[in-house]
Amino acid sequence: MKTVTIALNGRFSGTLQPTGTQTTSFHLFDSIVKCSRSFDLVIFADPAFKGVSEWADYPGTTVRAIPFSRWPRAKSQLWEQTLLPLEVKGKRYDLVHHPMITCPRWNLGAKTLVTLHDLTFFHHPEWVAPAFRNWLMATAVPGMRNASHVTTISDYVLDHARSTLGLDEKRTTRIYNGIELPQEPKAKASRKTGVILGVNLWQPHKNLMRLLEAFVILRKQFPEIELHLAGRPQAHYKNSPKLAESLQHHGIRVLGYLSKEELAEAYASATVACYPSLEEGFGLPILEAMAAGTPVVTSDASCLPEIAGGAAILVDPLSPADIARGLQDALSESPPDRERRVEAGKKVAARFTWKEAARQYVELYERILN
């Protein structure tokens with residue numbers, strides 16, 4: 001009997017300082033590689049990405065080394081749109097899985113699965129570089145419409161996939177991402193009184209400007225409070241004169257890109273984490289914060305109430321005054337109320353595991369192939 005072989009598109013591995021979708025794509029593939037399965041895997045990925053080279057040590061797993069991190073983006077896009085579909089067709093893989101929206105326009109007769117993280121580029125073109133949006137409209141949108149199946153990472157995105165792209169229920173599914181439990185800081189971090197942590201807010205839809213306005217309001221009541229901002233700013237956004245001016249307010253620290261260990265320490269030492277995004281497909285930072293025992297203030301918009309599961313303080317992301325109100329509530333909670341919120345957050349975060357995500361994807365692979 002022929003062994004089923006599934007190809008995995010690891011183009012995400014071209015980013016050696018990953019954020020968001022690159023991180024989740026790696027952990028998804030990592031959990032599938034390591035789970036119990038009856039099929040072989042061929043993974044197109046860059047071994048320079050931490051953890052990728054180890055996959056080849058697992059039975060039934062082949063890593064096809066592609067130097068994405070050394071290629072310009074245009075070359076990687078060309079590979080994904082032309083060479084990958086031809087490779088899949090030539091080798092006659094049973095299924096190819098694209099874990100991000102950057103998928104080929106043509107599947108050349110192969111069965112395909114696409115994981116859709118969000119449709120922000122479709123609904124909010126003002127937040128996306130025009131060239132990148134046009135590329136996604138020309139490639140990813142027809143690619144998903146031609147796919148055998150599309151899975152989304154929240155019910156919120158699932159509704160968009162069906163209403164915006166016109167995908168029917170039979171070939172759309174929601175499978176939540178997992179989270180990687182935060183590492184224990186090397187040194188025992190003391191939770192500092194009055195530190196607000198914002199993680200990966202360096203894109204227009206992450207709503208950083210309103211958080212900065214809320215912080216100025218809040219400092220009138222809490223003059224010693226600090227705002228720490230982690231993550232790598234996007235070039236076209238960080239150069240905004242208005243943003244640069246706002247970041248000069250007293251009490252604001254830009255931490256830059258943090259390693260896993262540094263991020264764990266940042267969560268462990270923060271009083272509260274704030275994620276006031278206008279639009280999200282999943283909202284990983286709020287779960288990371290909850291898992292680390294940090295109370296969360298987040299938006300009452302998009303998927304964030306769905307993912308927060310009742311454990312976060314919700315605010316209107318369009319109102320700096322309401323964001324400040326939510327942060328004030330978090331900072332003013334009594335110790336028993338804070339403890340209850342922390343425990344509720346840990347229970348919510350514990351529901352999202354990569355092991356469970358992998359199990360559901362393996363079941364979906366089998367369903368598609370049958």
# chains A, B, ... in the order shown; residues from 1 in each chain; ligands from 1
>>> residues_around(residues="Ala301 of chain A", least_positions_apart="4", cutoff="7 Å", atoms="only C-alpha atoms", output="VMD selection string")
chain A and resid 278 to 279 305
>>> write_last_selection(atoms="N, CA and C atoms", output="compact mmCIF listing (two decimals), in the first residue's frame")
# COMPACT_ATOMS: atom_id res chain seq x y z
N LEU A 278 -7.37 46.84 17.03
CA LEU A 278 -8.64 47.08 16.34
C LEU A 278 -9.12 45.85 15.59
N GLU A 279 -8.19 44.99 15.18
CA GLU A 279 -8.55 43.84 14.33
C GLU A 279 -7.54 42.73 14.52
N PRO A 305 -12.66 39.15 22.33
CA PRO A 305 -13.52 38.62 23.40
C PRO A 305 -13.66 37.09 23.31
>>> closest_atom_pairs(of="segment 277-360 of chain A", to="segment 22-38 of chain A", cutoff="7 Å", atoms="only C-alpha atoms", output="CSV")
residue,atom,partner,partner_atom,distance
A:Trp354,CA,A:Ser31,CA,6.0
A:Lys355,CA,A:Ser31,CA,6.1
A:Ala358,CA,A:Ile32,CA,5.1
>>> select_by_dssp(residues="segment 39-237 of chain A", states="strand (DSSP E or B)", output="MDAnalysis selection string")
chainID A and resid 40:45 61:65 95:98 112:116 149:152 172:174 195:199 226:230
>>> closest_residue(among="A:Gln221, A:Thr5, A:Ser53, A:Thr62", to="Asp94 of chain A", atoms="only C-alpha atoms")
A:Thr5
>>> closest_residue(among="A:Ala264, A:Leu86, A:Leu218, A:Leu304", to="Asp155 of chain A", atoms="only C-alpha atoms")
A:Leu304
>>> residues_around(residues="Phe44 of chain A", least_positions_apart="4", cutoff="7 Å", atoms="only C-alpha atoms", output="MDAnalysis selection string")
chainID A and resid 8:10 63:66
>>> decode(residues="segment 156-171 of chain A", atoms="N, CA and C atoms", output="compact mmCIF listing (two decimals), in the first residue's frame")
# COMPACT_ATOMS: atom_id res chain seq x y z
N TYR A 156 -14.37 34.03 14.57
CA TYR A 156 -14.49 35.35 13.95
C TYR A 156 -13.96 35.32 12.51
N VAL A 157 -12.79 34.72 12.31
CA VAL A 157 -12.22 34.64 10.96
C VAL A 157 -13.01 33.66 10.10
N LEU A 158 -13.53 32.59 10.72
CA LEU A 158 -14.34 31.63 9.98
C LEU A 158 -15.55 32.32 9.36
N ASP A 159 -16.21 33.17 10.13
CA ASP A 159 -17.36 33.91 9.59
C ASP A 159 -16.94 34.78 8.40
N HIS A 160 -15.77 35.41 8.51
CA HIS A 160 -15.28 36.24 7.41
C HIS A 160 -14.94 35.40 6.18
N ALA A 161 -14.35 34.24 6.38
CA ALA A 161 -14.00 33.38 5.25
C ALA A 161 -15.25 33.00 4.46
N ARG A 162 -16.32 32.75 5.16
CA ARG A 162 -17.56 32.35 4.49
C ARG A 162 -18.30 33.53 3.88
N SER A 163 -18.34 34.66 4.59
CA SER A 163 -19.12 35.80 4.09
C SER A 163 -18.34 36.62 3.07
N THR A 164 -17.03 36.78 3.27
CA THR A 164 -16.23 37.63 2.38
C THR A 164 -15.76 36.88 1.15
N LEU A 165 -15.24 35.66 1.36
CA LEU A 165 -14.69 34.89 0.24
C LEU A 165 -15.72 33.97 -0.40
N GLY A 166 -16.86 33.82 0.24
CA GLY A 166 -17.91 32.97 -0.33
C GLY A 166 -17.61 31.48 -0.22
N LEU A 167 -16.78 31.09 0.74
CA LEU A 167 -16.45 29.66 0.91
C LEU A 167 -17.58 28.96 1.65
N ASP A 168 -17.93 27.77 1.18
CA ASP A 168 -19.05 27.08 1.81
C ASP A 168 -18.61 26.35 3.07
N GLU A 169 -19.60 25.98 3.89
CA GLU A 169 -19.32 25.40 5.20
C GLU A 169 -18.58 24.07 5.10
N LYS A 170 -18.83 23.30 4.05
CA LYS A 170 -18.25 21.96 3.95
C LYS A 170 -16.74 21.99 3.80
N ARG A 171 -16.21 23.06 3.25
CA ARG A 171 -14.76 23.10 3.08
C ARG A 171 -14.11 24.25 3.87
